[in-house]
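Written below as structure tokens is the structure these notes are about.
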Amino acid sequence: MPKLTIEELEKLREEARKTTFIREQGQFRAKINVHMGTCGLAAGARHILNAFLQEIEKRGLTDVLLTTSGCAGLCSREPMATIEIAGQAPVKYIDLTEKKVEEIFEKHIQGGEIVTAYALGIGSEKTDLS
Amino acid sequence: MAVEKEKLYRVHLMVCAGTGCVSNHAFEIKEALEKEIKRRGLEKEVKVVTTGCNGFCERGPLMVVQPGNIFYQMLTVKDIPYLVEEHLLKGRPVKKLMYQPPEEKTPVPVLSEINFFKKQVLVALRNRGLIDPEKIEDYIARDGYKALVKALTQMTPEEIIHEVTISGLRGRGGAGFPTGLKWQLVRNAISPDNEKYLVCNGDEGDPGAFMDRSILEADPHSVIEGMLIGAKAIGATQGFIYVRNEYPLAVKRILIALDQARYYGLLGHDILGTGFDFDIRVVRGAGAFVCGEETALLASIEGRLGEPRPRPPYPAEKGLWGKPTCINNVETWANIPVIIDRGGKWFASIGTATSKGTKVFSIVGKINNTGLVEVPMGITLREIIYDIGGGIPGGKKFKAVQTGGPSGGCIPAELINLPIDYESLTAAGSMMGSGGMVVMDEDTCMVDVARYFLSFTQDESCGKCTPCREGTKAMLDILTRITEGKGTEEDLGLLEELADTIKEASLCGLGKTAPNPVLTTLRYFRDEYIAHIQDKKCPAHVCRSLNVYKIDPQICFEKGHGCDVCRRNCATDAIIGSKGEAHKIDQTKCIKCGVCFDVCHFGAVKVE
Amino acid sequence: MIEAKVSDILNRYARDESSLIAVLQDLQEEYSYLPREALEQISKEMNVPLSRILSLATFFKAFSLKPKGKHPINVCLGTACHVRGAQLILEKFERELGIKTGETTQDLLFSLEAVRCLGCCGLAPVVMVGEEVHGKVTQTKVPAIIKKYKK
């Protein structure tokens with residue numbers, strides 16, 4: 001689409017932001033932290049991570065940040081992820097599967113409703129990256 | 001250049017590919033990262049992005065991991081597999097590759113928490129480390145060309161000039177002329193055929209300054225957008241970017257950026273469908289310092305000898321091919337889009353009463369954290385040298401800082417609390433210049449520094465006017481004499497007299513400011529001149545004719561056991577002795593290169 | 001051979017005087033100096049007196065009328081490099097190569113130049129060999145740098 005109009009420039013900007021927003025230091029509406037310790041990885045944390053990534057990409061979101069951290073300490077319940085909606089207490093989800101990720105994303109991140117069936121509890125120790 | 005839909009990655013590795021890091025093998029790091037990412041099957045999750053200069057050149061090669069803003073430094077290829085496994089696979093940032101301030105026990109993981117970055121305010125360098133300079137989409141994502149849209153659709157030329165005027169922006173190339181006023185003059189100037197030109201001066205010649213290079217390499221579109229806005233304000237249809245030929249990467253990046261802007265119709269005819277036309281041509285300099293002077297630069301664009309001519313008429317009236325021409329430097333242009341986007345008032349809220357906004361400085365020389373920084377005007381020298389720069393290496397004493405390149409002067413340690421703005425630097429006998437700050441410690445000889453700058457201007461004088469051509473030669477001869485221990489006290493008076501004449505009578509800025517380094521060193525470091533003249537000594541042991549190298553036989557024998565390393569490294573076989581015995585220097589053969597001093601592990605070599 | 005190359009360079013630009021410096025830069029890049037016969041051809045084809053071309057060729061530092069070595073060595077003498085001992089580095093190169101600054105070795109392998117600021121002040125003192133930048137150079141590192149390009 002060479003030779004942009006002003007509207008096309010704004011559209012291009014929006015598109016470009018969908019992949020570069022992760023470099024920004026600002027506030028995010030939600031943060032997802034997937035725990036990637038040795039046991040997490042063995043339990044399939046990479047698949048969980050990619051499932052979250054796909055959800056964000058599919059929806060073209062630029063206000064949801066996906067990060068990783070080391071072992072969360074509860075090795076028997078991996079894969080785990082912590083989800084933090086800005087201004088609310090973080091929620092830890094355990095025994096994740098790709099299917100659960102889809103549901104959690106839709107209900108919790110998009111809808112603001114905690115999926116208590118998969119949640120370990122509310123509140124979390126701070127990690128390095130979050 | 002078709003636009004492909006970009007994939008979303010969870011991590012971007014922002015690898016610095018500024019000139020400093022590249023010469024520290026940044027591209028080898030990039031290759032190693034890509035290889036390891038692939039080996040680990042992370043290629044769909046992690047992307048390597050090359051950015052322009054990050055600024056912390058001392059610690060290169062550098063990489064910042066986003067999200068998280070985790071800063072890695074001094075990377076080597078063999079660190080990469082571990083880094084990828086730990087940080088990218090297992091989510092554990094690697095502490096040993098992070099920056100650890102010398103005075104602290106733990107590393108600082110996050111870039112914005114590191115002292116070097118903490119006090120910086122980024123305006124001209126707003127996209128530093130956050131975009132790939134060869135991708136216009138990255139620039140657009142960070143509000144690029146938003147100010148252009150505003151200027152083209154919502155503002156009249158007068159309103160644009162008004163905004164720049166109230167911002168208080170002054171030329172960042174040296175003289176500090178108010179940019180808004182310059183634009184108004186060019187707008188008002190009458191051109192018989194309505195042709196007006198715009199020039200970006202990227203002939204950054206001041207030794208010790210590399211901010212323009214960095215901006216052109218890291219964020220070329222910020223300059224292009226600034227010029228487009230300027231073109232609308234003054235009514236120009238053609239622009240030129242004059243870049244030093246010594247900056248091949250800057251030339252390459254700006255050419256790519258121009259092509260991309262043209263592709264999207266951000267340059268050329270009917271820009272963004274608004275009916276506005278403008279284009280830019282790149283002109284490479286050919287290695288003449290004087291071409292940084294505006295009339296010489298214009299002559300060189302026209303294909304003539306880069307010699308200055310008397311002003312008036314100023315280029316604003318009669319510039320390129322006799323047409324009104326607006327010349328601003330790279331950093332000035334890069335500030336324009338932000339001023340239009342956020343408003344002149346916002347810009348004016350940063351800085352001091354007469355110096356608004358921020359300024360980019362390169363801090364180099366005898367300083368721990370060499371690199372490029374952007375700080376608010378009015379910041380003190382102390383904050384730059386100690387808080388940001390991390391002080392002087394090796395516990396040496398800070399002696400002076402040289403600002404303004406060959407046109408500037410040396411500011412002594414006593415003035416460490418000096419606020420940095422146009423006026424206070426001028427009052428101290430120096431000038432803002434383009435923003436080079438060369439830090440000097442107790443081992444720097446101020447007479448040698450003065451001689452160095454005079455040899456520079458003498459060498460670069462175009463030879464057109466006598467005061468500059470002959471005057472700087474005469475001053476250089478005297479200074480050389482003094483550094484060789486052959487000076488007399490009358491020489492100091494003569495230097496001052498010559499300096500006055502050269503300042504008064506030279507044709508252009510090069511000559512008019514050439515004596516400044518001598519005058520400031522005479523003002524603040526007269527005792528060093530006296531030491532050279534009366535005692536025939538160079539207190540800093542820099543002026544070689546006055547140095548004598550000797551080996552302390554006791555230290556050499558007792559501590560070093562006559563290790564022989566000095567003799568093996570001596571260029572002229574001036575060192576006598578063999579392994580196991582104390583060595584000695586034959587003064588008739590010694591050329592005083594100082595290698596023996598550098599290589600001796602035991603401090604046995606002394607210089608007097 | 002040269003004639004075709006020069007025509008090729010001339011065709012990249014409009015044949016007016018404002019292109020003259022760019023033409024000379026391309027020529028310099030191609031041959032690492034400005035061959036006399038090429039300058040004569042440019043003079044004829046662009047209809048510019050040879051004296052004017054020579055005045056440009058001798059004014060600007062980027063141009064050389066003599067052939068350069070295969071590996072041009074540029075020792076930076078910018079301020080930052082100067083205070084970190086660049087002059088001594090330059091002299092070390094002179095001694096190691098057996099030539100003075102501005103000269104070329106007999107085997108046409110190296111030529112040695114002093115330049116004013118390469119803009120890598122963070123790595124001072126800096127030496128550029130061809131396009132490659134070497135930072136934090138010391139006198140003792142000089143022989144190894146030369147050796148690297150001798151192969």
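Identifiers for the structure tokens are assigned positionally: chains receive A, B, ... in sequence, residues are indexed from 1 per chain, and ligands are indexed from 1 in the order shown.
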
task: Tell me which protein, DNA and RNA residues are within 10 Å of A:Gly60, counting only C-alpha atoms, leaving out same-chain ones fewer than 4 positions away, and put them as a ChimeraX atom specification.
output: /A:14-15,17-19,54-56,64 /B:8

N, CA and C atoms of the current selection, written as a JSON list (two decimals), in the first residue's frame:
[["chain", "number", "residue", "atom", "x", "y", "z"],
["A", 14, "GLU", "N", -1.20, 1.68, 13.98],
["A", 14, "GLU", "CA", -1.90, 0.73, 14.86],
["A", 14, "GLU", "C", -1.39, -0.69, 14.65],
["A", 15, "GLU", "N", -1.23, -1.06, 13.38],
["A", 15, "GLU", "CA", -0.73, -2.39, 13.05],
["A", 15, "GLU", "C", 0.67, -2.59, 13.62],
["A", 17, "ARG", "N", 2.12, -1.15, 16.03],
["A", 17, "ARG", "CA", 2.15, -1.21, 17.50],
["A", 17, "ARG", "C", 1.83, -2.59, 18.04],
["A", 18, "LYS", "N", 1.05, -3.36, 17.25],
["A", 18, "LYS", "CA", 0.66, -4.68, 17.72],
["A", 18, "LYS", "C", 1.85, -5.61, 17.92],
["A", 19, "THR", "N", 2.98, -5.29, 17.30],
["A", 19, "THR", "CA", 4.14, -6.15, 17.52],
["A", 19, "THR", "C", 5.25, -5.44, 18.29],
["A", 54, "GLN", "N", -0.42, -16.61, 21.45],
["A", 54, "GLN", "CA", -1.37, -16.68, 20.34],
["A", 54, "GLN", "C", -2.66, -15.95, 20.64],
["A", 55, "GLU", "N", -3.11, -16.06, 21.88],
["A", 55, "GLU", "CA", -4.34, -15.36, 22.27],
["A", 55, "GLU", "C", -4.17, -13.84, 22.08],
["A", 56, "ILE", "N", -3.00, -13.35, 22.50],
["A", 56, "ILE", "CA", -2.77, -11.90, 22.38],
["A", 56, "ILE", "C", -2.71, -11.50, 20.91],
["A", 64, "VAL", "N", -1.73, -6.03, 26.80],
["A", 64, "VAL", "CA", -1.52, -7.21, 27.64],
["A", 64, "VAL", "C", -0.09, -7.68, 27.45],
["B", 8, "LEU", "N", 3.84, -11.51, 16.12],
["B", 8, "LEU", "CA", 4.04, -11.09, 17.51],
["B", 8, "LEU", "C", 5.02, -12.05, 18.19]]

Taking a cut-off of 6 Å and counting only C-alpha atoms, can you build a table that, for each residue of chain B near chain A, reports the nearest atom pair and how far apart they are in Å (one decimal), sorted by chain then residue number, as JSON lines?
{"residue": "B:Leu8", "atom": "CA", "partner": "A:Thr19", "partner_atom": "CA", "distance": 4.9}
{"residue": "B:Gln66", "atom": "CA", "partner": "A:Arg23", "partner_atom": "CA", "distance": 5.1}
{"residue": "B:Pro67", "atom": "CA", "partner": "A:Ile22", "partner_atom": "CA", "distance": 5.3}
{"residue": "B:Gly68", "atom": "CA", "partner": "A:Leu129", "partner_atom": "CA", "distance": 5.8}
{"residue": "B:Lys90", "atom": "CA", "partner": "A:Met36", "partner_atom": "CA", "distance": 4.8}
{"residue": "B:Gly91", "atom": "CA", "partner": "A:Ser69", "partner_atom": "CA", "distance": 4.2}
{"residue": "B:Arg92", "atom": "CA", "partner": "A:Gly70", "partner_atom": "CA", "distance": 5.3}
{"residue": "B:Glu137", "atom": "CA", "partner": "A:Ala16", "partner_atom": "CA", "distance": 5.9}
{"residue": "B:Ile140", "atom": "CA", "partner": "A:Arg13", "partner_atom": "CA", "distance": 5.5}
{"residue": "B:Ala141", "atom": "CA", "partner": "A:Arg13", "partner_atom": "CA", "distance": 4.8}
{"residue": "B:Tyr263", "atom": "CA", "partner": "A:Pro2", "partner_atom": "CA", "distance": 5.6}
{"residue": "B:Tyr264", "atom": "CA", "partner": "A:Lys3", "partner_atom": "CA", "distance": 4.4}
{"residue": "B:Gly265", "atom": "CA", "partner": "A:Lys3", "partner_atom": "CA", "distance": 4.1}
{"residue": "B:Leu272", "atom": "CA", "partner": "A:Thr5", "partner_atom": "CA", "distance": 4.6}
{"residue": "B:Gly273", "atom": "CA", "partner": "A:Thr5", "partner_atom": "CA", "distance": 5.7}

Those same residues - all heavy atoms - I'd like them written as a JSON list (two decimals), in the first residue's frame.
[["chain", "number", "residue", "atom", "x", "y", "z"],
["B", 8, "LEU", "N", 3.84, -11.51, 16.12],
["B", 8, "LEU", "CA", 4.04, -11.09, 17.51],
["B", 8, "LEU", "C", 5.02, -12.05, 18.19],
["B", 8, "LEU", "O", 4.83, -13.26, 18.16],
["B", 8, "LEU", "CB", 2.71, -11.09, 18.27],
["B", 8, "LEU", "CG", 2.80, -10.77, 19.76],
["B", 8, "LEU", "CD1", 3.26, -9.34, 19.99],
["B", 8, "LEU", "CD2", 1.48, -11.02, 20.46],
["B", 66, "GLN", "N", 13.44, -6.90, 26.03],
["B", 66, "GLN", "CA", 12.09, -6.36, 26.23],
["B", 66, "GLN", "C", 11.07, -7.47, 26.04],
["B", 66, "GLN", "O", 11.25, -8.28, 25.14],
["B", 66, "GLN", "CB", 11.79, -5.24, 25.22],
["B", 66, "GLN", "CG", 12.73, -4.07, 25.29],
["B", 66, "GLN", "CD", 12.56, -3.21, 26.53],
["B", 66, "GLN", "OE1", 11.87, -3.60, 27.47],
["B", 66, "GLN", "NE2", 13.21, -2.06, 26.54],
["B", 67, "PRO", "N", 10.02, -7.52, 26.85],
["B", 67, "PRO", "CA", 9.73, -6.62, 27.95],
["B", 67, "PRO", "C", 10.64, -6.87, 29.15],
["B", 67, "PRO", "O", 11.27, -7.92, 29.24],
["B", 67, "PRO", "CB", 8.29, -6.97, 28.32],
["B", 67, "PRO", "CG", 8.09, -8.36, 27.84],
["B", 67, "PRO", "CD", 8.97, -8.53, 26.65],
["B", 68, "GLY", "N", 10.69, -5.90, 30.03],
["B", 68, "GLY", "CA", 11.48, -6.02, 31.24],
["B", 68, "GLY", "C", 12.59, -4.99, 31.31],
["B", 68, "GLY", "O", 13.04, -4.64, 32.38],
["B", 90, "LYS", "N", 14.39, -20.35, 30.55],
["B", 90, "LYS", "CA", 13.97, -20.62, 31.93],
["B", 90, "LYS", "C", 13.47, -19.39, 32.67],
["B", 90, "LYS", "O", 13.09, -19.47, 33.83],
["B", 90, "LYS", "CB", 15.14, -21.23, 32.70],
["B", 90, "LYS", "CG", 15.55, -22.58, 32.15],
["B", 90, "LYS", "CD", 16.60, -23.22, 33.02],
["B", 90, "LYS", "CE", 16.99, -24.58, 32.48],
["B", 90, "LYS", "NZ", 18.26, -25.02, 33.08],
["B", 91, "GLY", "N", 13.52, -18.23, 31.99],
["B", 91, "GLY", "CA", 12.96, -17.03, 32.61],
["B", 91, "GLY", "C", 13.79, -16.47, 33.75],
["B", 91, "GLY", "O", 13.27, -15.78, 34.60],
["B", 92, "ARG", "N", 15.10, -16.82, 33.77],
["B", 92, "ARG", "CA", 15.94, -16.31, 34.86],
["B", 92, "ARG", "C", 17.00, -15.36, 34.31],
["B", 92, "ARG", "O", 17.98, -15.82, 33.70],
["B", 92, "ARG", "CB", 16.64, -17.47, 35.56],
["B", 92, "ARG", "CG", 15.69, -18.39, 36.30],
["B", 92, "ARG", "CD", 16.46, -19.31, 37.21],
["B", 92, "ARG", "NE", 17.29, -20.25, 36.45],
["B", 92, "ARG", "CZ", 17.29, -21.57, 36.66],
["B", 92, "ARG", "NH1", 16.52, -22.09, 37.57],
["B", 92, "ARG", "NH2", 18.07, -22.35, 35.96],
["B", 137, "GLU", "N", 8.35, 1.41, 9.93],
["B", 137, "GLU", "CA", 7.18, 1.02, 10.73],
["B", 137, "GLU", "C", 7.47, 1.16, 12.24],
["B", 137, "GLU", "O", 6.59, 1.50, 13.01],
["B", 137, "GLU", "CB", 6.75, -0.42, 10.42],
["B", 137, "GLU", "CG", 6.19, -0.61, 9.01],
["B", 137, "GLU", "CD", 7.27, -0.77, 7.95],
["B", 137, "GLU", "OE1", 8.47, -0.87, 8.31],
["B", 137, "GLU", "OE2", 6.93, -0.76, 6.75],
["B", 140, "ILE", "N", 7.11, 4.76, 13.01],
["B", 140, "ILE", "CA", 5.69, 5.15, 12.98],
["B", 140, "ILE", "C", 4.97, 4.65, 14.23],
["B", 140, "ILE", "O", 4.15, 5.36, 14.82],
["B", 140, "ILE", "CB", 5.03, 4.61, 11.69],
["B", 140, "ILE", "CG1", 5.56, 5.41, 10.48],
["B", 140, "ILE", "CG2", 3.51, 4.72, 11.75],
["B", 140, "ILE", "CD1", 5.14, 4.90, 9.12],
["B", 141, "ALA", "N", 5.32, 3.43, 14.68],
["B", 141, "ALA", "CA", 4.67, 2.88, 15.87],
["B", 141, "ALA", "C", 4.90, 3.78, 17.09],
["B", 141, "ALA", "O", 4.07, 3.84, 17.98],
["B", 141, "ALA", "CB", 5.20, 1.48, 16.15],
["B", 263, "TYR", "N", 8.52, 5.74, -0.41],
["B", 263, "TYR", "CA", 7.64, 4.61, -0.73],
["B", 263, "TYR", "C", 6.24, 4.84, -0.17],
["B", 263, "TYR", "O", 5.23, 4.58, -0.82],
["B", 263, "TYR", "CB", 8.25, 3.33, -0.17],
["B", 263, "TYR", "CG", 7.38, 2.11, -0.27],
["B", 263, "TYR", "CD1", 7.30, 1.40, -1.47],
["B", 263, "TYR", "CD2", 6.64, 1.67, 0.82],
["B", 263, "TYR", "CE1", 6.51, 0.27, -1.56],
["B", 263, "TYR", "CE2", 5.84, 0.55, 0.74],
["B", 263, "TYR", "CZ", 5.78, -0.15, -0.46],
["B", 263, "TYR", "OH", 4.98, -1.27, -0.55],
["B", 264, "TYR", "N", 6.19, 5.35, 1.04],
["B", 264, "TYR", "CA", 4.88, 5.58, 1.67],
["B", 264, "TYR", "C", 4.30, 6.94, 1.33],
["B", 264, "TYR", "O", 3.28, 7.35, 1.88],
["B", 264, "TYR", "CB", 5.02, 5.48, 3.19],
["B", 264, "TYR", "CG", 5.00, 4.06, 3.71],
["B", 264, "TYR", "CD1", 5.93, 3.63, 4.65],
["B", 264, "TYR", "CD2", 4.04, 3.15, 3.28],
["B", 264, "TYR", "CE1", 5.92, 2.32, 5.13],
["B", 264, "TYR", "CE2", 4.01, 1.85, 3.76],
["B", 264, "TYR", "CZ", 4.94, 1.44, 4.68],
["B", 264, "TYR", "OH", 4.90, 0.16, 5.16],
["B", 265, "GLY", "N", 4.99, 7.66, 0.46],
["B", 265, "GLY", "CA", 4.46, 8.97, 0.06],
["B", 265, "GLY", "C", 4.60, 10.02, 1.15],
["B", 265, "GLY", "O", 3.85, 10.99, 1.20],
["B", 272, "LEU", "N", 0.91, 12.62, 1.76],
["B", 272, "LEU", "CA", -0.28, 12.20, 2.52],
["B", 272, "LEU", "C", -1.57, 12.77, 1.93],
["B", 272, "LEU", "O", -2.54, 13.00, 2.66],
["B", 272, "LEU", "CB", -0.15, 12.60, 4.00],
["B", 272, "LEU", "CG", 0.91, 11.85, 4.82],
["B", 272, "LEU", "CD1", 1.12, 12.53, 6.17],
["B", 272, "LEU", "CD2", 0.52, 10.39, 5.02],
["B", 273, "GLY", "N", -1.54, 13.00, 0.63],
["B", 273, "GLY", "CA", -2.74, 13.52, -0.03],
["B", 273, "GLY", "C", -3.10, 14.93, 0.36],
["B", 273, "GLY", "O", -4.25, 15.36, 0.20]]

Mind checking which residues fall within 6 Å of stretch 95-108 of chain A, counting only C-alpha atoms, ignoring those fewer than 3 positions away in the same chain, and posting them as an mmCIF file with N, CA, C and O atoms, in the first residue's frame?
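Result file around_19.cif:
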data_model
loop_
_atom_site.group_PDB
_atom_site.id
_atom_site.type_symbol
_atom_site.label_atom_id
_atom_site.label_comp_id
_atom_site.auth_asym_id
_atom_site.auth_seq_id
_atom_site.Cartn_x
_atom_site.Cartn_y
_atom_site.Cartn_z
ATOM 1 N N ILE A 48 2.160 -23.558 27.110
ATOM 2 C CA ILE A 48 1.264 -22.613 27.775
ATOM 3 C C ILE A 48 1.619 -21.193 27.361
ATOM 4 O O ILE A 48 0.769 -20.372 27.016
ATOM 5 N N ALA A 51 0.529 -20.536 23.942
ATOM 6 C CA ALA A 51 -0.922 -20.409 23.877
ATOM 7 C C ALA A 51 -1.347 -18.988 24.269
ATOM 8 O O ALA A 51 -2.186 -18.372 23.605
ATOM 9 N N ARG A 77 2.365 -28.599 40.808
ATOM 10 C CA ARG A 77 1.172 -28.067 40.144
ATOM 11 C C ARG A 77 1.484 -27.298 38.865
ATOM 12 O O ARG A 77 0.686 -26.523 38.375
ATOM 13 N N GLU A 78 2.706 -27.494 38.323
ATOM 14 C CA GLU A 78 3.062 -26.839 37.069
ATOM 15 C C GLU A 78 2.280 -27.475 35.932
ATOM 16 O O GLU A 78 1.844 -28.624 36.068
ATOM 17 N N PRO A 79 2.153 -26.824 34.782
ATOM 18 C CA PRO A 79 2.549 -25.442 34.508
ATOM 19 C C PRO A 79 1.651 -24.408 35.211
ATOM 20 O O PRO A 79 0.464 -24.645 35.362
ATOM 21 N N GLY A 111 -12.660 -10.540 30.264
ATOM 22 C CA GLY A 111 -13.932 -10.295 30.951
ATOM 23 C C GLY A 111 -13.809 -9.808 32.390
ATOM 24 O O GLY A 111 -14.779 -9.340 32.973
ATOM 25 N N GLY A 112 -12.615 -9.936 32.973
ATOM 26 C CA GLY A 112 -12.405 -9.450 34.325
ATOM 27 C C GLY A 112 -12.928 -10.384 35.404
ATOM 28 O O GLY A 112 -13.013 -10.016 36.573
ATOM 29 N N GLU A 113 -13.234 -11.622 34.996
ATOM 30 C CA GLU A 113 -13.830 -12.541 35.967
ATOM 31 C C GLU A 113 -12.853 -13.700 36.245
ATOM 32 O O GLU A 113 -12.461 -14.422 35.329
ATOM 33 N N ILE A 114 -12.455 -13.854 37.486
ATOM 34 C CA ILE A 114 -11.462 -14.871 37.832
ATOM 35 C C ILE A 114 -12.040 -16.269 37.645
ATOM 36 O O ILE A 114 -13.181 -16.545 38.054
#

query: Mind listing as a ChimeraX atom specification which residues of chain C are within 8 Å of chain B, counting only C-alpha atoms?
result: /C:17-22,25,55-56,59-63,78-81,83-84,88,95,116-124,132-135,139-140

field: Residue among B:Ile551, B:Leu425, B:Met227, B:Cys543 lying closest to B:Thr480, counting only C-alpha atoms
entry: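 Using only C-alpha atoms, the shortest distance to B:Thr480 belongs to B:Cys543.
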
- request: Write out as a list in words which residues come within 10 Å of stretch 116-119 of chain B when counting only C-alpha atoms, dropping same-chain ones fewer than 2 positions away.
  value: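 My list of contacting residues is Asn54, Gly55, Phe56, Pro101, Leu111, Ser112, Glu113, Ile114, Val121, Leu122, Asn369, Thr370, Gly371, Leu372, Val373, Glu374, Val375, Pro376, Ile379, Glu383, Ile384, Tyr386, Asp387, Ile388, Gly389 and Gly390 of chain B.
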
Spatial neighbours of C:Lys141, max dist 10 Å, only C-alpha atoms, sep filter under 4 positions, as a PyMOL selection string: chain C and resi 89+92+136-137+145-146

- prompt: atom CA of B:Lys473 and atom CA of C:Thr58, how far apart in Å?
  reply: 20.1 Å

message: For B:Ile576, find every residue with an atom within 8 Å (counting only C-alpha atoms), except residues of its own chain fewer than 5 positions away, and show them as a list in words.
response: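 My list of contacting residues is Arg567, His583, Lys584, Ile585 and Asp586 of chain B.
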
message: If I take atom CA of A:Ser76 and atom CA of B:Lys44, how far is one from the other in Å, to one decimal?
response: 28.0 Å

- prompt: How many Å lie between atom CA of B:Ala574 and atom CA of C:Gln87, rounded to one decimal?
  reply: 20.2 Å

Polymer residues at most 12 Å from C:Gly98, only C-alpha atoms, same-chain spacing of 5 or more positions, as a PyMOL selection string: chain C and resi 90-93+103-107+110-112

task: Step one, run DSSP on the backbone; step two, keep only residues of stretch 451-536 of chain B assigned to alpha helix (DSSP H); then write them as a ChimeraX atom specification.
output: /B:451-460,466-483,490-505,509-513,516-524,526-534

message: Let me make sure I understand: among C:Val127, C:Leu65, C:Ile99, C:Ala114, which one has the smallest atom-to-atom distance to C:Arg36 if we use only C-alpha atoms?
response: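 Result for the nearest residue to C:Arg36: C:Leu65.
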
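Secondary structure from DSSP on the backbone puts strand (DSSP E) at the following positions of stretch 64-150 of chain B: Val64, Val65, Gln66, Ile70, Phe71 and Tyr72 of chain B.
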
- prompt: Which of these, B:Val11, B:Ala400, B:Leu320, B:Cys410, has the shortest distance to B:Lys196 once you count only C-alpha atoms?
  reply: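 Ranking B:Val11, B:Ala400, B:Leu320, B:Cys410 by distance to B:Lys196, first place goes to B:Leu320.
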